[in-house]
file final.tsv (TSV, C-alpha atoms)
chain	number	residue	atom	x	y	z
A	1	MET	CA	-14.18	23.92	22.02
A	2	ALA	CA	-12.08	27.02	21.54
A	3	GLY	CA	-15.02	29.20	20.56
A	4	LEU	CA	-13.26	30.62	17.51
A	5	ARG	CA	-15.49	31.84	14.71
A	6	ILE	CA	-13.41	31.05	11.68
A	7	ASN	CA	-14.05	29.41	8.35
A	8	LEU	CA	-11.18	27.33	7.02
A	9	ILE	CA	-10.86	27.14	3.25
A	10	ASN	CA	-8.71	24.41	1.76
A	11	PRO	CA	-8.06	25.10	-1.94
A	12	TYR	CA	-6.87	21.49	-2.36
A	13	GLU	CA	-9.90	19.89	-0.73
A	14	HIS	CA	-11.00	18.26	-3.97
A	15	ALA	CA	-7.59	17.67	-5.59
A	16	THR	CA	-5.57	14.47	-5.72
A	17	LYS	CA	-1.91	14.55	-4.76
A	18	GLY	CA	-1.03	14.21	-8.43
A	19	GLU	CA	-3.22	17.17	-9.34
A	20	MET	CA	-1.61	19.25	-6.61
A	21	LEU	CA	1.84	18.46	-7.97
A	22	ILE	CA	0.74	19.29	-11.51
A	23	SER	CA	-0.84	22.61	-10.52
A	24	CYS	CA	2.10	23.89	-8.47
A	25	LYS	CA	3.13	27.26	-9.85
A	26	ASN	CA	6.82	26.86	-8.94
A	27	GLN	CA	7.70	23.63	-10.72
A	28	PRO	CA	11.50	24.05	-10.49
A	29	LEU	CA	11.31	24.43	-6.71
A	30	LEU	CA	8.85	21.55	-6.42
A	31	LYS	CA	11.07	19.29	-8.52
A	32	SER	CA	14.04	20.12	-6.30
A	33	LEU	CA	12.18	19.35	-3.06
A	34	ALA	CA	9.34	16.88	-3.72
A	35	ALA	CA	11.45	13.73	-3.61
A	36	GLN	CA	12.46	14.62	-0.04
A	37	SER	CA	8.85	14.32	1.15
A	38	VAL	CA	7.81	11.37	3.30
A	39	SER	CA	4.42	9.68	3.16
A	40	CYS	CA	5.22	6.16	4.36
A	41	GLY	CA	3.00	4.62	6.98
A	42	ARG	CA	5.85	2.32	8.03
A	43	TYR	CA	8.67	4.85	7.89
A	44	ARG	CA	9.92	4.23	11.42
A	45	VAL	CA	9.56	0.45	11.07
A	46	PHE	CA	11.92	0.50	8.10
A	47	ASN	CA	14.61	2.50	9.89
A	48	TYR	CA	13.36	5.80	8.48
A	49	HIS	CA	13.11	4.65	4.89
A	50	GLN	CA	9.89	4.57	2.87
A	51	CYS	CA	8.63	1.05	2.23
A	52	GLY	CA	7.08	1.75	-1.18
A	53	ARG	CA	4.13	-0.60	-0.69
A	54	CYS	CA	1.90	0.79	2.07
A	55	VAL	CA	-1.17	2.76	0.95
A	56	PRO	CA	0.45	6.17	1.65
A	57	CYS	CA	3.52	5.14	-0.39
A	58	GLN	CA	1.31	3.94	-3.24
A	59	VAL	CA	-0.62	7.23	-3.23
A	60	ARG	CA	2.67	9.15	-3.26
A	61	ARG	CA	4.11	7.05	-6.07
A	62	ALA	CA	0.89	7.35	-8.09
A	63	ALA	CA	0.94	11.13	-7.61
A	64	PHE	CA	4.54	11.38	-8.83
A	65	ARG	CA	3.69	9.27	-11.91
A	66	ALA	CA	0.63	11.45	-12.65
A	67	TRP	CA	2.78	14.56	-12.30
A	68	ASP	CA	5.72	13.43	-14.39
A	69	ALA	CA	6.40	9.74	-14.99
A	70	SER	CA	10.08	10.49	-15.61
A	71	LEU	CA	10.31	11.63	-11.98
A	72	ASP	CA	9.19	8.29	-10.56
A	73	THR	CA	10.60	8.36	-7.08
A	74	THR	CA	13.20	5.87	-5.95
A	75	GLY	CA	14.79	4.86	-2.73
A	76	TYR	CA	11.99	2.67	-1.44
A	77	VAL	CA	12.80	-0.43	0.57
A	78	TYR	CA	10.63	-2.32	-1.92
A	79	GLU	CA	10.96	-0.71	-5.34
A	80	PRO	CA	8.62	-2.93	-7.39
A	81	LEU	CA	5.05	-3.20	-6.15
A	82	GLY	CA	4.24	-6.73	-7.21
A	83	LYS	CA	7.54	-8.50	-6.75
A	84	ALA	CA	7.23	-11.87	-5.06
A	85	ASP	CA	9.71	-11.89	-2.22
A	86	ALA	CA	9.87	-13.16	1.35
A	87	ASP	CA	8.29	-9.96	2.72
A	88	HIS	CA	5.52	-9.68	0.13
A	89	ALA	CA	3.00	-11.52	2.32
A	90	LYS	CA	3.41	-8.81	4.96
A	91	PHE	CA	2.00	-6.20	2.56
A	92	ASP	CA	-1.73	-6.54	2.13
A	93	ASP	CA	-1.81	-2.88	1.03
A	94	VAL	CA	-0.84	-3.55	-2.60
A	95	ARG	CA	-3.44	-6.29	-2.86
A	96	SER	CA	-6.06	-4.09	-1.14
A	97	VAL	CA	-5.51	-1.20	-3.54
A	98	GLY	CA	-5.57	-3.62	-6.48
A	99	MET	CA	-8.84	-5.11	-5.23
A	100	ALA	CA	-10.37	-1.65	-4.86
A	101	VAL	CA	-9.33	-0.68	-8.39
A	102	GLN	CA	-10.72	-3.95	-9.77
A	103	GLU	CA	-14.00	-3.69	-7.85
A	104	VAL	CA	-14.57	-0.12	-9.04
A	105	SER	CA	-13.79	-1.23	-12.59
A	106	SER	CA	-16.28	-4.11	-12.48
A	107	ALA	CA	-19.05	-2.92	-10.12
A	108	GLY	CA	-18.69	0.85	-10.32
A	109	LEU	CA	-17.54	3.52	-7.91
A	110	ARG	CA	-20.91	4.03	-6.20
A	111	ALA	CA	-21.20	0.32	-5.42
A	112	TRP	CA	-17.68	0.27	-3.99
A	113	LEU	CA	-18.29	3.37	-1.86
A	114	GLY	CA	-21.63	2.10	-0.57
A	115	PRO	CA	-22.82	4.27	2.33
A	116	ALA	CA	-19.32	5.62	3.09
A	117	LEU	CA	-20.28	9.17	2.13
A	118	ALA	CA	-23.68	9.25	3.83
A	119	TYR	CA	-22.60	11.38	6.82
A	120	PRO	CA	-25.20	14.19	6.95
A	121	ARG	CA	-22.73	16.98	7.81
A	122	MET	CA	-20.44	16.15	4.91
A	123	GLY	CA	-22.33	18.34	2.53
A	124	TYR	CA	-22.52	17.84	-1.18
A	125	ALA	CA	-20.91	14.47	-1.96
A	126	ALA	CA	-20.45	14.78	-5.75
A	127	PRO	CA	-17.05	16.55	-5.63
A	128	ILE	CA	-15.79	14.01	-3.10
A	129	ILE	CA	-16.97	11.10	-5.22
A	130	ASP	CA	-15.21	12.65	-8.23
A	131	LEU	CA	-12.03	13.10	-6.16
A	132	VAL	CA	-12.09	9.45	-5.07
A	133	LYS	CA	-12.54	8.38	-8.71
A	134	ARG	CA	-9.58	10.46	-9.90
A	135	GLY	CA	-7.43	9.24	-6.99
A	136	LEU	CA	-8.24	5.63	-7.81
A	137	ASP	CA	-7.41	6.35	-11.46
A	138	GLU	CA	-3.94	7.53	-10.35
A	139	LEU	CA	-3.51	4.34	-8.31
A	140	ALA	CA	-4.73	2.18	-11.21
A	141	ALA	CA	-2.12	3.78	-13.49
A	142	LEU	CA	0.59	3.00	-10.93
A	143	HIS	CA	-0.49	-0.63	-10.68
A	144	LYS	CA	-0.68	-0.94	-14.46
A	145	HIS	CA	2.86	0.45	-14.76
A	146	TYR	CA	4.18	-2.21	-12.39
A	147	GLY	CA	2.03	-5.00	-13.83
A	148	VAL	CA	0.12	-5.54	-10.58
A	149	ARG	CA	-3.15	-7.38	-11.09

call {"tool": "encode", "arguments": {"input": "final.tsv", "output": "structure tokens"}}
result
Amino acid sequence: MAGLRINLINPYEHATKGEMLISCKNQPLLKSLAAQSVSCGRYRVFNYHQCGRCVPCQVRRAAFRAWDASLDTTGYVYEPLGKADADHAKFDDVRSVGMAVQEVSSAGLRAWLGPALAYPRMGYAAPIIDLVKRGLDELAALHKHYGVR
């Protein structure tokens, strides 16, 4: 414990990645730099290229689509999400996100979350629940675009 008496404020605490992109005040600069960002959880595994299918890549791709669908990022090792290829079985992430989206659609967000947000020090859970809902909506739109079921 460092003993510092500080209060950190994160203005993006309850914003999705897509919402952060949309709300950026310097859109020309963001558009010139955003595609250079890296989110891939398997970046090193794929020789420093983004896979396009891991959960971080899906969140990134969903955020870009929410921001401006014409700026859909490219350069992924696996461009389509649902393409059946020899490596598809190695990617449970696309199926997992699809299952989450489907379960929330059929059973509801609260049922899907269960006790996940019950930590007593978390504070008021409503803004977090709303954030998760909006984030899943961005992911659902990505899956719909690629025809993933």

call {"tool": "closest_residue", "arguments": {"input": "final.tsv", "among": "A:Val97, A:Lys133, A:Pro56, A:Ile6", "to": "Arg110 in chain A", "atoms": "all atoms listed in the file"}}
result
A:Lys133

call {"tool": "closest_residue", "arguments": {"input": "final.tsv", "among": "A:Cys57, A:Cys24, A:Leu136, A:Ala118", "to": "Tyr76 in chain A", "atoms": "only C-alpha atoms"}}
result
A:Cys57

call {"tool": "residues_around", "arguments": {"input": "final.tsv", "residues": "Arg61 in chain A", "least_positions_apart": "6", "cutoff": "10 Å", "atoms": "all atoms listed in the file", "output": "mmCIF file with C-alpha atoms, in the frame of the given file"}}
result
data_model
loop_
_atom_site.group_PDB
_atom_site.id
_atom_site.type_symbol
_atom_site.label_atom_id
_atom_site.label_comp_id
_atom_site.auth_asym_id
_atom_site.auth_seq_id
_atom_site.Cartn_x
_atom_site.Cartn_y
_atom_site.Cartn_z
ATOM 1 C CA LYS A 17 -1.910 14.550 -4.760
ATOM 2 C CA GLY A 18 -1.030 14.210 -8.430
ATOM 3 C CA SER A 39 4.420 9.680 3.160
ATOM 4 C CA GLY A 52 7.080 1.750 -1.180
ATOM 5 C CA ARG A 53 4.130 -0.600 -0.690
ATOM 6 C CA VAL A 55 -1.170 2.760 0.950
ATOM 7 C CA TRP A 67 2.780 14.560 -12.300
ATOM 8 C CA ALA A 69 6.400 9.740 -14.990
ATOM 9 C CA LEU A 71 10.310 11.630 -11.980
ATOM 10 C CA ASP A 72 9.190 8.290 -10.560
ATOM 11 C CA THR A 73 10.600 8.360 -7.080
ATOM 12 C CA THR A 74 13.200 5.870 -5.950
ATOM 13 C CA GLU A 138 -3.940 7.530 -10.350
ATOM 14 C CA LEU A 139 -3.510 4.340 -8.310
ATOM 15 C CA LEU A 142 0.590 3.000 -10.930
#

call {"tool": "atom_distance", "arguments": {"input": "final.tsv", "atom1": "CA of Gly82 in chain A", "atom2": "CA of Glu19 in chain A"}}
result
25.1 Å

call {"tool": "closest_residue", "arguments": {"input": "final.tsv", "among": "A:Ser23, A:Asn7, A:Ser32, A:Gln102", "to": "Ala66 in chain A", "atoms": "all atoms listed in the file"}}
result
A:Ser23

call {"tool": "closest_residue", "arguments": {"input": "final.tsv", "among": "A:Leu21, A:Val77, A:Ile128, A:Arg65", "to": "Asn47 in chain A", "atoms": "all atoms listed in the file"}}
result
A:Val77

call {"tool": "atom_distance", "arguments": {"input": "final.tsv", "atom1": "CA of Tyr78 in chain A", "atom2": "CA of Ala141 in chain A"}}
result
18.3 Å

call {"tool": "atom_distance", "arguments": {"input": "final.tsv", "atom1": "CA of Leu109 in chain A", "atom2": "CA of Gly135 in chain A"}}
result
11.7 Å

call {"tool": "closest_residue", "arguments": {"input": "final.tsv", "among": "A:Lys144, A:Arg44, A:Arg149, A:Arg5", "to": "Arg95 in chain A", "atoms": "only C-alpha atoms"}}
result
A:Arg149

call {"tool": "residues_around", "arguments": {"input": "final.tsv", "residues": "Leu131 in chain A", "least_positions_apart": "5", "cutoff": "10 Å", "atoms": "only C-alpha atoms", "output": "list of chain:residue names"}}
result
A:Glu13, A:His14, A:Ala15, A:Thr16, A:Ala125, A:Ala126, A:Leu136, A:Asp137

call {"tool": "closest_residue", "arguments": {"input": "final.tsv", "among": "A:Val101, A:Ala34, A:Ala107, A:Ile22", "to": "Asp68 in chain A", "atoms": "all atoms listed in the file"}}
result
A:Ile22
